[in-house]
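Colleague: My file is structure_38.pdb. It has PDB, C-alpha atoms:
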ATOM      1  CA  MET A   1      -0.467  12.322 -34.970
ATOM      2  CA  SER A   2      -0.339  14.714 -32.071
ATOM      3  CA  HIS A   3      -1.032  14.479 -28.370
ATOM      4  CA  THR A   4      -4.408  16.085 -29.103
ATOM      5  CA  ASP A   5      -5.800  12.970 -30.783
ATOM      6  CA  PRO A   6      -9.092  12.154 -29.023
ATOM      7  CA  SER A   7      -8.069   8.533 -28.549
ATOM      8  CA  LEU A   8      -5.195   9.731 -26.371
ATOM      9  CA  SER A   9      -7.390  11.739 -23.980
ATOM     10  CA  PRO A  10      -7.940   8.922 -21.467
ATOM     11  CA  LEU A  11      -4.223   8.110 -21.432
ATOM     12  CA  MET A  12      -3.275  11.778 -21.029
ATOM     13  CA  ALA A  13      -5.732  12.079 -18.129
ATOM     14  CA  LEU A  14      -4.235   8.943 -16.580
ATOM     15  CA  LEU A  15      -0.743  10.383 -17.028
ATOM     16  CA  GLY A  16      -1.785  13.624 -15.340
ATOM     17  CA  GLN A  17      -3.231  11.722 -12.406
ATOM     18  CA  ALA A  18      -0.158   9.486 -12.129
ATOM     19  CA  GLU A  19       2.143  12.518 -12.180
ATOM     20  CA  ARG A  20       0.086  14.267  -9.470
ATOM     21  CA  GLU A  21       0.195  11.141  -7.303
ATOM     22  CA  ARG A  22       3.941  10.855  -7.880
ATOM     23  CA  ASP A  23       4.440  14.525  -6.993
ATOM     24  CA  ASP A  24       2.391  14.038  -3.822
ATOM     25  CA  ALA A  25       4.508  10.995  -2.945
ATOM     26  CA  VAL A  26       7.703  12.992  -3.542
ATOM     27  CA  GLY A  27       6.419  15.745  -1.238
ATOM     28  CA  HIS A  28       5.538  13.201   1.425
ATOM     29  CA  ALA A  29       8.998  11.619   1.116
ATOM     30  CA  ARG A  30      10.669  15.016   1.484
ATOM     31  CA  ARG A  31       8.637  15.773   4.594
ATOM     32  CA  ALA A  32       9.540  12.355   6.018
ATOM     33  CA  GLU A  33      13.224  13.022   5.277
ATOM     34  CA  ALA A  34      13.001  16.417   6.994
ATOM     35  CA  ALA A  35      11.351  14.810  10.031
ATOM     36  CA  GLN A  36      14.072  12.178  10.146
ATOM     37  CA  ALA A  37      16.783  14.839   9.908
ATOM     38  CA  ALA A  38      15.159  16.816  12.721
ATOM     39  CA  ALA A  39      14.883  13.695  14.899
ATOM     40  CA  GLN A  40      18.510  12.812  14.140
ATOM     41  CA  GLY A  41      19.563  16.357  15.033
ATOM     42  CA  GLN A  42      17.760  16.113  18.366
ATOM     43  CA  ALA A  43      19.376  12.753  19.062
ATOM     44  CA  GLU A  44      22.813  14.200  18.336
ATOM     45  CA  GLN A  45      22.112  17.181  20.603
ATOM     46  CA  LEU A  46      21.061  14.880  23.425
ATOM     47  CA  VAL A  47      24.192  12.744  23.031
ATOM     48  CA  ALA A  48      26.388  15.861  22.931
ATOM     49  CA  TYR A  49      24.653  17.235  26.023
ATOM     50  CA  ARG A  50      25.110  13.923  27.862
ATOM     51  CA  LEU A  51      28.826  13.854  26.995
ATOM     52  CA  ASP A  52      29.228  17.474  28.088
ATOM     53  CA  TYR A  53      27.331  16.824  31.318
ATOM     54  CA  GLU A  54      29.400  13.719  32.039
ATOM     55  CA  GLY A  55      32.607  15.654  31.429
ATOM     56  CA  ARG A  56      31.640  18.576  33.662
ATOM     57  CA  TYR A  57      30.545  16.384  36.541
ATOM     58  CA  ARG A  58      33.393  13.921  36.229
ATOM     59  CA  GLU A  59      35.696  16.884  36.782
ATOM     60  CA  LYS A  60      33.575  18.061  39.727
ATOM     61  CA  PHE A  61      33.407  14.596  41.305
ATOM     62  CA  SER A  62      37.119  14.079  40.914
ATOM     63  CA  ARG A  63      37.598  16.895  43.436
ATOM     64  CA  GLN A  64      34.863  16.160  45.959
ATOM     65  CA  ALA A  65      31.176  15.361  45.862
ATOM     66  CA  SER A  66      28.609  14.348  48.401
ATOM     67  CA  ILE A  67      26.586  11.174  48.192
ATOM     68  CA  ASP A  68      23.451  13.258  47.491
ATOM     69  CA  GLN A  69      25.152  15.044  44.606
ATOM     70  CA  PHE A  70      26.364  11.750  43.194
ATOM     71  CA  GLN A  71      22.894  10.189  43.468
ATOM     72  CA  THR A  72      21.362  13.247  41.797
ATOM     73  CA  TYR A  73      23.954  12.966  39.040
ATOM     74  CA  GLN A  74      23.253   9.251  38.566
ATOM     75  CA  GLY A  75      19.487   9.835  38.505
ATOM     76  CA  PHE A  76      19.807  12.608  35.960
ATOM     77  CA  MET A  77      22.196  10.561  33.811
ATOM     78  CA  GLY A  78      19.713   7.666  33.916
ATOM     79  CA  ARG A  79      16.883   9.932  32.708
ATOM     80  CA  LEU A  80      19.143  11.508  30.101
ATOM     81  CA  SER A  81      20.225   8.084  28.817
ATOM     82  CA  LEU A  82      16.577   7.049  28.646
ATOM     83  CA  ALA A  83      15.813  10.207  26.656
ATOM     84  CA  VAL A  84      18.686   9.398  24.268
ATOM     85  CA  ASP A  85      17.381   5.838  23.813
ATOM     86  CA  GLN A  86      13.831   7.059  23.228
ATOM     87  CA  GLN A  87      15.042   9.643  20.734
ATOM     88  CA  GLN A  88      16.958   6.927  18.901
ATOM     89  CA  LEU A  89      13.683   4.996  18.610
ATOM     90  CA  VAL A  90      12.112   8.123  17.124
ATOM     91  CA  VAL A  91      15.003   8.331  14.628
ATOM     92  CA  ASP A  92      14.634   4.639  13.729
ATOM     93  CA  ASN A  93      10.872   5.028  13.202
ATOM     94  CA  ALA A  94      11.476   8.125  11.076
ATOM     95  CA  ALA A  95      13.997   6.165   8.991
ATOM     96  CA  ARG A  96      11.408   3.435   8.398
ATOM     97  CA  ARG A  97       8.863   6.061   7.331
ATOM     98  CA  VAL A  98      11.429   7.550   4.919
ATOM     99  CA  GLU A  99      12.099   4.143   3.362
ATOM    100  CA  ALA A 100       8.365   3.468   3.019
ATOM    101  CA  ALA A 101       7.837   6.888   1.438
ATOM    102  CA  ARG A 102      10.720   6.294  -0.981
ATOM    103  CA  ALA A 103       9.209   2.944  -1.945
ATOM    104  CA  VAL A 104       5.933   4.702  -2.744
ATOM    105  CA  VAL A 105       7.838   7.249  -4.859
ATOM    106  CA  ARG A 106       9.506   4.408  -6.777
ATOM    107  CA  GLU A 107       6.120   2.757  -7.365
ATOM    108  CA  GLN A 108       4.634   6.043  -8.562
ATOM    109  CA  GLU A 109       7.623   6.692 -10.851
ATOM    110  CA  LEU A 110       7.118   3.241 -12.338
ATOM    111  CA  ARG A 111       3.436   3.967 -12.877
ATOM    112  CA  VAL A 112       4.220   7.284 -14.612
ATOM    113  CA  ALA A 113       6.802   5.558 -16.817
ATOM    114  CA  SER A 114       4.302   2.813 -17.684
ATOM    115  CA  VAL A 115       1.639   5.307 -18.699
ATOM    116  CA  ARG A 116       4.183   7.236 -20.769
ATOM    117  CA  LYS A 117       5.149   3.989 -22.483
ATOM    118  CA  LEU A 118       1.483   3.315 -23.256
ATOM    119  CA  ILE A 119       1.182   6.790 -24.766
ATOM    120  CA  GLU A 120       4.315   6.248 -26.844
ATOM    121  CA  ARG A 121       2.914   2.954 -28.137
ATOM    122  CA  ARG A 122      -0.433   4.544 -28.952
ATOM    123  CA  LEU A 123       1.315   7.401 -30.778
ATOM    124  CA  ALA A 124       3.366   4.871 -32.738
ATOM    125  CA  GLU A 125       0.169   3.013 -33.656
ATOM    126  CA  LEU A 126      -1.470   6.258 -34.757
ATOM    127  CA  ARG A 127       1.600   7.231 -36.817
ATOM    128  CA  LEU A 128       1.656   3.801 -38.442
ATOM    129  CA  ALA A 129      -2.056   4.026 -39.290
ATOM    130  CA  ALA A 130      -1.555   7.508 -40.732
ATOM    131  CA  ASP A 131       1.464   6.333 -42.744
ATOM    132  CA  ARG A 132      -0.560   3.420 -44.104
ATOM    133  CA  ARG A 133      -3.414   5.767 -45.047
ATOM    134  CA  ASP A 134      -0.966   8.104 -46.773
ATOM    135  CA  GLN A 135       0.654   5.191 -48.602
ATOM    136  CA  LYS A 136      -2.742   3.880 -49.696
ATOM    137  CA  GLN A 137      -3.723   7.321 -50.997
ATOM    138  CA  THR A 138      -0.400   7.651 -52.818
ATOM    139  CA  ASP A 139      -0.813   4.185 -54.342
ATOM    140  CA  GLU A 140      -4.384   4.979 -55.420
ATOM    141  CA  PHE A 141      -3.272   8.285 -56.936
ATOM    142  CA  ALA A 142      -0.432   6.592 -58.803
ATOM    143  CA  SER A 143      -2.776   3.839 -59.986
ATOM    144  CA  ARG A 144      -5.317   6.394 -61.264
ATOM    145  CA  ALA A 145      -2.583   8.389 -62.958
ATOM    146  CA  ALA A 146      -1.277   5.240 -64.663
ATOM    147  CA  TRP A 147      -4.806   4.241 -65.661
ATOM    148  CA  ASN A 148      -5.484   7.715 -67.038
ATOM    149  CA  ARG A 149      -2.216   7.645 -69.036
ATOM    150  CA  LEU A 150      -3.081   4.213 -70.391
ATOM    151  CA  ASN A 151      -6.525   5.430 -71.457
ATOM    152  CA  GLU A 152      -5.013   8.556 -72.990
ATOM    153  CA  ASP A 153      -2.461   6.429 -74.899
ATOM    154  CA  ARG A 154      -5.272   4.170 -76.186
ATOM    155  CA  GLN A 155      -7.369   7.138 -77.260
ATOM    156  CA  SER A 156      -4.357   8.721 -78.991
ATOM    157  CA  ALA A 157      -3.587   5.465 -80.787
ATOM    158  CA  SER A 158      -7.170   4.995 -81.963
ATOM    159  CA  ALA A 159      -7.530   8.538 -83.233
TER
END
Show how you would write the structure in this file as structure tokens.
Modeller:
Amino acid sequence: MSHTDPSLSPLMALLGQAERERDDAVGHARRAEAAQAAAQGQAEQLVAYRLDYEGRYREKFSRQASIDQFQTYQGFMGRLSLAVDQQQLVVDNAARRVEAARAVVREQELRVASVRKLIERRLAELRLAADRRDQKQTDEFASRAAWNRLNEDRQSASA
């Protein structure tokens, strides 16, 4: 039996739908991973900038700095640290979205595999039915041939 057997049409349609849904889930997961990577990159840039800023101003303050400059520095470092913390929250949320998207991909992969297994079972059933039909036809042909030979032998013996 082939995949074109009419009884397989609903299963093939279901497989096509499951594969499309899986492909959509894979695309969504990839976009989520890209968003997470971008958020992580921004977080790393902010941390690097904060370290660079701290280093430059530590050097400057070691020489001499006014109270106003120091307060400005502290205020900016506070806002920069807040930005780093907020960006880390963005990264954490993106990581959760990636994990959720990967879970959906796993579910969709399982669904595709299940439908494929159903198709394999149906094909096996169809092959078995065809084999049984072929065997029945072969048995009937052999039985007729034996019957015909028996009748021919009887007619030869009576003649």
Colleague: Could you tell me how far atom CA of A:Thr72 sits from atom CA of A:Arg50, in Å to one decimal place?
Modeller: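 Atom-to-atom, atom CA of A:Arg50 and atom CA of A:Thr72 are spaced 14.4 Å apart.
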Colleague: Give me, please, the distance in Å between atom CA of A:Arg63 and atom CA of A:Val47, quoted to one decimal.
Modeller: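 Pair atom CA of A:Arg63 / atom CA of A:Val47 returns 24.8 Å.
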Colleague: At what distance in Å, to one decimal, does atom CA of A:Val104 lie from atom CA of A:Gly27?
Modeller: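 Answer for the atom CA of A:Gly27 to atom CA of A:Val104 separation: 11.2 Å.
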Colleague: Near A:Arg122, within 10 Å and counting all atoms listed in the file, which residues show up once chain neighbours fewer than 2 positions away are dropped, as a list in words?
Modeller: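 Everything that qualifies: Met1, His3, Ser7, Leu8, Leu11, Arg116, Lys117, Leu118, Ile119, Glu120, Ala124, Glu125, Leu126, Arg127 and Leu128 of chain A.
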Colleague: Please list as a PyMOL selection string every residue within 12 Å of A:Gln74, counting all atoms listed in the file and excluding residues in the same chain fewer than 5 positions away.
Modeller: chain A and resi 50+53-54+57-58+61+67-69+79-81
Colleague: Is it possible to get the axis-aligned box enclosing stretch 51-59 of chain A (all listed atoms, 4 Å extra per side) as JSON, with centre and edge lengths in Å rounded to one decimal?
Modeller:
{"center_x": 31.5, "center_y": 16.1, "center_z": 31.9, "size_x": 16.4, "size_y": 12.9, "size_z": 17.8}
Colleague: Between A:Ala129, A:Leu89, A:Val112, A:Ala145, single out the one closest to A:Asp23, counting all atoms listed in the file.
Modeller: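 Answer, going by the shortest atom-to-atom distance: A:Val112.
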Colleague: Stretch 94-98 of chain A: which residues within 12 Å, counting all atoms listed in the file, same-chain residues fewer than 2 positions away excluded, as a ChimeraX atom specification?
Modeller: /A:25-40,87-92,100-105
Colleague: Measuring between only C-alpha atoms, which one of A:Arg56, A:Arg132, A:Arg144, A:Arg111 shows the shortest distance to A:Glu21?
Modeller: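 Closest candidate: A:Arg111.
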Colleague: Have a look at A:Lys60, A:Gln155, A:Leu15, A:Thr138 and name the one nearest to A:Tyr73; count all atoms listed in the file.
Modeller: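 With all atoms listed in the file as the atom set, the closest residue is A:Lys60.
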